[in-house]
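Student: Below is the file structure_7.cif, which contains mmCIF, C-alpha atoms.
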data_query
#
loop_
_atom_site.label_atom_id
_atom_site.label_comp_id
_atom_site.auth_asym_id
_atom_site.auth_seq_id
_atom_site.Cartn_x
_atom_site.Cartn_y
_atom_site.Cartn_z
CA THR A 1 39.34 102.73 98.99
CA HIS A 2 40.87 106.21 99.14
CA GLY A 3 43.52 105.90 96.44
CA LEU A 4 46.67 105.66 98.56
CA HIS A 5 47.70 102.62 96.54
CA ASP A 6 47.81 104.91 93.47
CA HIS A 7 49.88 107.58 95.20
CA GLY A 8 53.31 108.33 93.74
CA TYR A 9 55.02 107.64 97.07
CA VAL A 10 53.18 104.42 97.89
CA ASN A 11 56.44 102.42 98.06
CA GLU A 12 58.01 104.95 100.41
CA TYR A 13 54.90 105.00 102.61
CA ARG A 14 54.89 101.21 102.68
CA ALA A 15 58.60 101.15 103.64
CA MET A 16 58.00 103.64 106.47
CA ALA A 17 54.99 101.69 107.73
CA SER A 18 56.93 98.41 107.57
CA ALA A 19 59.83 99.91 109.51
CA MET A 20 57.49 101.27 112.21
CA LEU A 21 55.59 98.00 112.43
CA GLY A 22 58.85 96.04 112.64
CA TYR A 23 60.09 98.26 115.47
CA PHE A 24 56.78 97.93 117.29
CA LEU A 25 56.80 94.13 117.06
CA GLU A 26 60.43 94.00 118.15
CA SER A 27 59.68 96.21 121.17
CA ARG A 28 57.08 93.67 122.33
CA ALA A 29 59.20 90.56 121.77
CA GLY A 30 59.28 88.19 124.72
CA ALA A 31 56.53 89.99 126.60
CA GLN A 32 53.17 88.70 127.69
CA VAL A 33 50.47 91.09 126.44
CA GLU A 34 47.62 91.94 128.81
CA ALA A 35 44.38 93.59 127.78
CA PRO A 36 44.60 97.28 128.74
CA THR A 37 42.00 98.51 131.19
CA ALA A 38 41.04 102.02 132.21
CA LEU A 39 42.99 103.47 135.13
CA ARG A 40 41.48 106.18 137.31
CA ILE A 41 42.93 108.81 139.58
CA THR A 42 40.95 111.16 141.75
CA PHE A 43 42.20 114.37 143.31
CA ASP A 44 40.85 117.81 144.01
CA SER A 45 37.32 116.37 143.52
CA HIS A 46 38.14 115.50 139.89
CA GLU A 47 38.40 112.03 138.38
CA ILE A 48 40.60 111.31 135.40
CA GLU A 49 40.42 108.10 133.41
CA VAL A 50 43.48 107.00 131.47
CA LYS A 51 43.68 103.94 129.28
CA PRO A 52 47.10 102.70 128.18
CA ASP A 53 47.40 101.57 124.58
CA GLU A 54 49.27 98.48 125.65
CA VAL A 55 50.22 96.54 128.78
CA LEU A 56 53.22 94.23 128.61
CA VAL A 57 54.63 91.94 131.30
CA ARG A 58 58.26 90.76 131.25
CA ASP A 59 59.88 88.91 134.13
CA GLY A 60 57.06 89.99 136.44
CA VAL A 61 57.46 93.69 135.57
CA ARG A 62 54.41 95.39 134.10
CA THR A 63 54.95 98.08 131.43
CA LEU A 64 52.14 100.45 130.52
CA ARG A 65 52.58 102.14 127.16
CA ARG A 66 51.15 104.88 125.03
CA VAL A 67 51.95 104.31 121.36
CA LYS A 68 52.06 107.07 118.73
CA THR A 69 53.05 106.93 115.07
CA GLY A 70 55.04 110.17 114.81
CA HIS A 71 58.17 111.60 116.40
CA ALA A 72 58.52 112.70 120.00
CA THR A 73 58.81 116.43 120.57
CA SER A 74 61.24 118.07 122.97
CA GLN A 75 58.32 118.76 125.33
CA GLU A 76 56.90 115.23 125.20
CA GLY A 77 56.50 113.75 128.63
CA LYS A 78 56.45 117.18 130.26
CA ASP A 79 52.75 117.95 129.82
CA VAL A 80 49.88 117.28 132.19
CA GLY A 81 48.58 114.46 129.98
CA ALA A 82 51.81 112.52 130.47
CA ALA A 83 51.68 113.31 134.18
CA ALA A 84 48.10 112.00 134.39
CA PHE A 85 49.25 108.82 132.65
CA VAL A 86 52.13 108.33 135.12
CA LEU A 87 49.98 109.19 138.16
CA ALA A 88 47.24 106.75 137.09
CA ALA A 89 49.78 104.02 136.32
CA ARG A 90 51.53 104.47 139.70
CA THR A 91 48.20 104.43 141.52
CA ALA A 92 47.16 101.16 139.86
CA PHE A 93 50.57 99.47 139.70
CA ARG A 94 53.15 100.98 142.03
CA ASP A 95 56.23 99.46 140.39
CA ALA A 96 55.11 99.57 136.75
CA VAL A 97 57.28 101.01 134.01
CA VAL A 98 55.53 103.75 132.04
CA GLU A 99 56.54 104.36 128.41
CA LEU A 100 55.69 106.73 125.60
CA VAL A 101 56.48 104.91 122.36
CA TYR A 102 57.03 106.86 119.12
CA LEU A 103 57.17 104.47 116.21
CA ALA A 104 58.91 106.92 113.86
CA ASP A 105 61.74 107.33 116.38
CA ALA A 106 62.32 103.58 116.84
CA ASP A 107 63.30 104.39 120.40
CA THR A 108 61.40 103.66 123.58
CA LYS A 109 62.31 105.26 126.86
CA PRO A 110 60.61 104.93 130.20
CA LEU A 111 58.73 108.04 131.26
CA THR A 112 60.21 108.90 134.62
CA LEU A 113 59.20 111.93 136.63
CA SER A 114 60.56 112.78 140.06
CA ALA A 115 58.18 113.08 142.99
CA LYS A 116 58.51 116.89 142.79
CA GLU A 117 57.80 116.92 139.03
CA LEU A 118 54.74 114.71 139.52
CA SER A 119 53.52 116.90 142.36
CA ASN A 120 53.94 120.07 140.26
CA ARG A 121 52.10 118.51 137.33
CA GLN A 122 49.34 117.25 139.59
CA VAL A 123 48.82 120.81 140.83
CA LYS A 124 48.83 122.08 137.23
CA LEU A 125 46.39 119.35 136.19
CA GLY A 126 44.06 120.35 139.03
CA GLY A 127 44.15 123.95 137.76
CA VAL A 128 43.37 122.84 134.21
CA LEU A 129 40.41 120.77 135.43
CA ARG A 130 39.08 123.66 137.53
CA ASN A 131 39.31 125.92 134.47
CA ILE A 132 37.50 123.38 132.30
CA ARG A 133 34.69 123.03 134.83
CA GLY A 134 34.58 126.81 135.22
CA GLY A 135 34.23 127.29 131.47
CA THR A 136 37.42 129.30 131.08
CA PHE A 137 39.58 126.69 129.38
CA ARG A 138 40.46 127.60 125.80
CA ALA A 139 41.45 124.82 123.42
CA GLU A 140 44.48 125.41 121.21
CA THR A 141 43.58 125.33 117.53
CA SER A 142 45.80 124.49 114.58
CA ASP A 143 45.29 124.86 110.85
CA MET A 144 47.98 122.22 110.30
CA THR A 145 46.67 119.14 112.11
CA CYS A 146 43.44 117.73 113.47
CA PRO A 147 43.31 117.42 117.28
CA ASN A 148 44.03 113.89 118.52
CA CYS A 149 44.42 112.56 114.98
CA PRO A 150 46.46 109.35 114.96
CA ALA A 151 47.43 109.85 111.30
CA PHE A 152 51.14 110.05 110.59
CA PHE A 153 50.65 112.53 107.73
CA VAL A 154 48.65 115.73 107.58
CA CYS A 155 45.79 114.91 105.25
CA GLY A 156 44.69 118.37 104.14
CA ALA A 157 41.19 119.80 104.06
CA VAL A 158 38.31 117.77 105.39
CA PRO A 159 36.06 116.59 102.52
CA PRO A 160 32.53 117.96 102.34
CA GLY A 161 29.60 115.92 103.58
CA THR A 162 28.41 114.24 106.73
CA LEU A 163 30.58 111.79 108.63
CA SER A 164 28.74 108.78 109.98
CA LYS A 165 30.07 105.69 111.67
CA ASN A 166 28.52 102.25 111.36
CA PHE A 167 28.55 100.24 114.58
#
Mind turning the file's structure into C-alpha coordinates?
Tutor:
Amino acid sequence: THGLHDHGYVNEYRAMASAMLGYFLESRAGAQVEAPTALRITFDSHEIEVKPDEVLVRDGVRTLRRVKTGHATSQEGKDVGAAAFVLAARTAFRDAVVELVYLADADTKPLTLSAKELSNRQVKLGGVLRNIRGGTFRAETSDMTCPNCPAFFVCGAVPPGTLSKNF
(Lines of atoms letter the chains of each structure in order from A and count residues from 1; the text may use other names and numbers.)
(Lines give C-alpha, C1' and ligand atoms only; values in the text may rest on other atoms or scores of the structure.)
Protein backbone atom coordinates (compact mmCIF):
# COMPACT_ATOMS: atom_id res chain seq x y z
CA THR A 1 0.00 0.00 0.00
CA HIS A 2 2.80 2.42 0.87
CA GLY A 3 5.43 1.35 -1.66
CA LEU A 4 7.87 -0.50 0.59
CA HIS A 5 7.81 -3.40 -1.86
CA ASP A 6 9.28 -1.00 -4.47
CA HIS A 7 12.01 0.27 -2.15
CA GLY A 8 15.61 -0.35 -3.23
CA TYR A 9 16.40 -2.15 0.04
CA VAL A 10 13.30 -4.34 0.15
CA ASN A 11 15.38 -7.55 0.18
CA GLU A 12 17.52 -6.28 3.04
CA TYR A 13 14.44 -5.18 5.00
CA ARG A 14 12.85 -8.57 4.40
CA ALA A 15 16.03 -10.35 5.58
CA MET A 16 16.14 -8.24 8.76
CA ALA A 17 12.45 -8.84 9.45
CA SER A 18 12.85 -12.59 8.84
CA ALA A 19 15.82 -12.76 11.21
CA MET A 20 13.92 -10.89 13.94
CA LEU A 21 10.82 -13.02 13.45
CA GLY A 22 12.91 -16.20 13.53
CA TYR A 23 14.56 -15.13 16.78
CA PHE A 24 11.19 -14.23 18.28
CA LEU A 25 9.66 -17.60 17.39
CA GLU A 26 12.73 -19.43 18.68
CA SER A 27 12.55 -17.53 21.98
CA ARG A 28 9.00 -18.82 22.50
CA ALA A 29 9.70 -22.44 21.54
CA GLY A 30 8.38 -24.98 24.02
CA ALA A 31 6.40 -22.43 26.00
CA GLN A 32 2.69 -22.27 26.62
CA VAL A 33 1.43 -18.81 25.64
CA GLU A 34 -1.11 -17.13 27.92
CA ALA A 35 -3.20 -14.12 26.98
CA PRO A 36 -1.60 -11.06 28.60
CA THR A 37 -3.76 -9.16 31.04
CA ALA A 38 -3.30 -5.74 32.61
CA LEU A 39 -1.34 -5.68 35.86
CA ARG A 40 -1.88 -2.89 38.38
CA ILE A 41 0.21 -1.47 41.17
CA THR A 42 -0.88 1.19 43.59
CA PHE A 43 1.36 3.30 45.77
CA ASP A 44 1.48 6.87 46.98
CA SER A 45 -2.23 7.18 46.00
CA HIS A 46 -1.35 6.53 42.35
CA GLU A 47 -2.36 3.52 40.27
CA ILE A 48 -0.27 2.31 37.36
CA GLU A 49 -1.50 -0.21 34.82
CA VAL A 50 1.06 -2.25 32.93
CA LYS A 51 0.27 -4.79 30.25
CA PRO A 52 2.98 -7.23 29.17
CA ASP A 53 3.27 -7.89 25.46
CA GLU A 54 3.53 -11.59 26.09
CA VAL A 55 3.14 -14.15 28.88
CA LEU A 56 4.91 -17.48 28.51
CA VAL A 57 4.85 -20.49 30.84
CA ARG A 58 7.63 -23.10 30.82
CA ASP A 59 7.93 -25.83 33.42
CA GLY A 60 5.52 -23.96 35.70
CA VAL A 61 7.54 -20.72 35.53
CA ARG A 62 5.71 -17.69 34.18
CA THR A 63 7.68 -15.17 32.07
CA LEU A 64 6.26 -11.72 31.42
CA ARG A 65 7.81 -9.96 28.44
CA ARG A 66 7.96 -6.61 26.74
CA VAL A 67 8.94 -6.99 23.09
CA LYS A 68 10.55 -4.23 21.00
CA THR A 69 11.88 -4.29 17.45
CA GLY A 70 15.05 -2.23 17.90
CA HIS A 71 18.25 -2.53 19.93
CA ALA A 72 18.53 -2.17 23.69
CA THR A 73 20.25 0.96 24.93
CA SER A 74 22.79 1.06 27.73
CA GLN A 75 20.13 2.63 29.98
CA GLU A 76 17.41 0.11 29.13
CA GLY A 77 15.96 -1.49 32.21
CA LYS A 78 17.12 1.37 34.42
CA ASP A 79 14.18 3.72 33.87
CA VAL A 80 10.99 4.05 35.88
CA GLY A 81 8.95 2.38 33.13
CA ALA A 82 10.98 -0.80 33.49
CA ALA A 83 10.69 -0.53 37.26
CA ALA A 84 6.89 -0.18 36.99
CA PHE A 85 6.85 -3.28 34.80
CA VAL A 86 8.90 -5.29 37.33
CA LEU A 87 6.91 -4.00 40.32
CA ALA A 88 3.58 -4.85 38.65
CA ALA A 89 4.83 -8.28 37.58
CA ARG A 90 6.13 -9.08 41.10
CA THR A 91 2.86 -7.92 42.65
CA ALA A 92 0.80 -10.16 40.38
CA PHE A 93 3.19 -13.13 40.14
CA ARG A 94 5.82 -13.20 42.88
CA ASP A 95 8.18 -15.67 41.20
CA ALA A 96 7.71 -14.61 37.58
CA VAL A 97 10.64 -13.91 35.29
CA VAL A 98 10.47 -10.44 33.72
CA GLU A 99 12.13 -9.86 30.33
CA LEU A 100 12.73 -7.01 27.94
CA VAL A 101 13.13 -8.54 24.48
CA TYR A 102 14.87 -6.62 21.69
CA LEU A 103 14.40 -8.43 18.41
CA ALA A 104 17.31 -6.68 16.66
CA ASP A 105 19.68 -7.87 19.39
CA ALA A 106 18.58 -11.53 19.22
CA ASP A 107 19.31 -11.70 22.92
CA THR A 108 16.87 -11.95 25.79
CA LYS A 109 17.91 -11.34 29.35
CA PRO A 110 15.78 -11.34 32.46
CA LEU A 111 15.24 -7.90 33.93
CA THR A 112 16.47 -8.21 37.48
CA LEU A 113 16.55 -5.34 39.93
CA SER A 114 17.66 -5.62 43.53
CA ALA A 115 15.23 -4.70 46.30
CA LYS A 116 17.14 -1.43 46.81
CA GLU A 117 17.03 -0.59 43.07
CA LEU A 118 13.30 -1.30 42.95
CA SER A 119 12.72 0.80 46.05
CA ASN A 120 14.70 3.72 44.58
CA ARG A 121 12.79 3.51 41.30
CA GLN A 122 9.49 3.28 43.11
CA VAL A 123 10.32 6.52 44.93
CA LYS A 124 11.36 8.13 41.61
CA LEU A 125 8.17 6.88 39.95
CA GLY A 126 6.10 8.40 42.75
CA GLY A 127 7.85 11.74 42.15
CA VAL A 128 7.17 11.56 38.42
CA LEU A 129 3.48 10.83 39.05
CA ARG A 130 3.20 13.70 41.54
CA ASN A 131 4.77 16.03 38.95
CA ILE A 132 2.38 14.83 36.25
CA ARG A 133 -0.64 15.40 38.47
CA GLY A 134 0.78 18.76 39.52
CA GLY A 135 1.17 19.84 35.90
CA THR A 136 4.94 20.31 36.10
CA PHE A 137 6.03 17.27 34.11
CA ARG A 138 7.68 18.17 30.81
CA ALA A 139 7.74 15.58 28.04
CA GLU A 140 11.01 15.09 26.19
CA THR A 141 10.67 15.88 22.50
CA SER A 142 12.73 14.57 19.60
CA ASP A 143 12.93 15.61 15.97
CA MET A 144 14.33 12.17 15.14
CA THR A 145 11.62 9.74 16.28
CA CYS A 146 7.95 9.70 17.15
CA PRO A 147 7.18 8.98 20.83
CA ASN A 148 6.19 5.36 21.47
CA CYS A 149 6.47 4.47 17.79
CA PRO A 150 6.97 0.72 17.33
CA ALA A 151 8.56 1.24 13.89
CA PHE A 152 12.07 -0.09 13.48
CA PHE A 153 13.05 2.70 11.08
CA VAL A 154 12.60 6.44 11.36
CA CYS A 155 10.01 7.25 8.74
CA GLY A 156 10.61 10.96 8.19
CA ALA A 157 8.07 13.76 8.13
CA VAL A 158 4.45 13.02 8.88
CA PRO A 159 2.33 13.31 5.71
CA PRO A 160 -0.25 16.09 5.53
CA GLY A 161 -3.90 15.38 6.20
CA THR A 162 -6.10 13.97 8.90
CA LEU A 163 -5.43 10.59 10.48
CA SER A 164 -8.52 8.53 11.15
CA LYS A 165 -8.83 4.98 12.35
CA ASN A 166 -11.61 2.62 11.33
CA PHE A 167 -12.87 0.39 14.14
Student: Can you tell me which residues surround Leu113 (chain A) at a distance of at most 9 Å, considering only C-alpha atoms, apart from same-chain residues fewer than 3 positions away, and format the answer as a ChimeraX atom specification?
Tutor: /A:77-78,83,86,116-118
Student: When distances are computed from all atoms listed in the file, which of A:Asp59, A:Glu12, A:Asp79, A:Glu54 shows the smallest separation from Val98 (chain A)?
Tutor: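 Using all atoms listed in the file, Val98 (chain A) sits closest to A:Glu54.
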Student: Any idea what the distance is between CA of Arg94 (chain A) and CA of Gly127 (chain A)?
Tutor: 25.0 Å
Student: Translate the PyMOL selection byres ((chain A and resi 95) around 12) into a concrete residue list for this structure, as number ranges by chain.
Tutor: A: 57, 60-64, 86-87, 89-94, 96-98, 112
Student: Could you take the residues named above and write them with C-alpha atoms, as an mmCIF file, keeping the file's coordinate frame?
Tutor:
data_model
loop_
_atom_site.group_PDB
_atom_site.id
_atom_site.type_symbol
_atom_site.label_atom_id
_atom_site.label_comp_id
_atom_site.auth_asym_id
_atom_site.auth_seq_id
_atom_site.Cartn_x
_atom_site.Cartn_y
_atom_site.Cartn_z
ATOM 1 C CA VAL A 57 54.630 91.940 131.300
ATOM 2 C CA GLY A 60 57.060 89.990 136.440
ATOM 3 C CA VAL A 61 57.460 93.690 135.570
ATOM 4 C CA ARG A 62 54.410 95.390 134.100
ATOM 5 C CA THR A 63 54.950 98.080 131.430
ATOM 6 C CA LEU A 64 52.140 100.450 130.520
ATOM 7 C CA VAL A 86 52.130 108.330 135.120
ATOM 8 C CA LEU A 87 49.980 109.190 138.160
ATOM 9 C CA ALA A 89 49.780 104.020 136.320
ATOM 10 C CA ARG A 90 51.530 104.470 139.700
ATOM 11 C CA THR A 91 48.200 104.430 141.520
ATOM 12 C CA ALA A 92 47.160 101.160 139.860
ATOM 13 C CA PHE A 93 50.570 99.470 139.700
ATOM 14 C CA ARG A 94 53.150 100.980 142.030
ATOM 15 C CA ALA A 96 55.110 99.570 136.750
ATOM 16 C CA VAL A 97 57.280 101.010 134.010
ATOM 17 C CA VAL A 98 55.530 103.750 132.040
ATOM 18 C CA THR A 112 60.210 108.900 134.620
#
Student: Could you tell me, as a list of chain:residue names, exactly which residues end up selected when the PyMOL selection byres ((chain A and resi 17) around 12) is applied to this structure?
Tutor: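 On the file shown, the PyMOL selection byres ((chain A and resi 17) around 12) covers A:Val10, A:Asn11, A:Glu12, A:Tyr13, A:Arg14, A:Ala15, A:Met16, A:Ser18, A:Ala19, A:Met20, A:Leu21, A:Gly22, A:Tyr23, A:Phe24, A:Thr69, A:Gly70, A:Leu103, A:Ala104, A:Ala106, A:Ala151, A:Phe152, A:Phe153.
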Student: Report, in Å to a single decimal, how far apart CA of Ala88 (chain A) and CA of Thr37 (chain A) are.
Tutor: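 Between CA of Thr37 (chain A) and CA of Ala88 (chain A) the gap is 11.4 Å.
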Student: May I ask for the distance between CA of Ala35 (chain A) and CA of Pro52 (chain A), given in Å to one decimal place?
Tutor: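 These atoms are spaced 9.5 Å apart.
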Student: Fewer than 3 positions away in the same chain doesn't count, so skip those; otherwise give me all residues within 12 Å of Glu76 (chain A), counting all atoms listed in the file, as a ChimeraX atom specification.
Tutor: /A:66,68,70-73,79-83,99-102,109,111-112
Student: List, as a list in words, every residue that the PyMOL selection byres ((chain A and resi 40-43) around 9) selects in the file provided.
Tutor: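 Residues picked by the PyMOL selection byres ((chain A and resi 40-43) around 9): Ala38, Leu39, Asp44, Ser45, His46, Glu47, Ile48, Glu49, Val50, Lys51, Ala84, Leu87, Ala88, Ala89, Thr91, Ala92, Gln122 and Gly126 of chain A.
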Student: Tell me, as a list in words, which residues lie within 7 Å of region 29-34 of chain A, counting all atoms listed in the file; anything in the same chain fewer than 2 positions away does not count.
Tutor: Leu25, Glu26, Ser27, Pro36, Val55, Leu56, Val57 and Arg58 of chain A
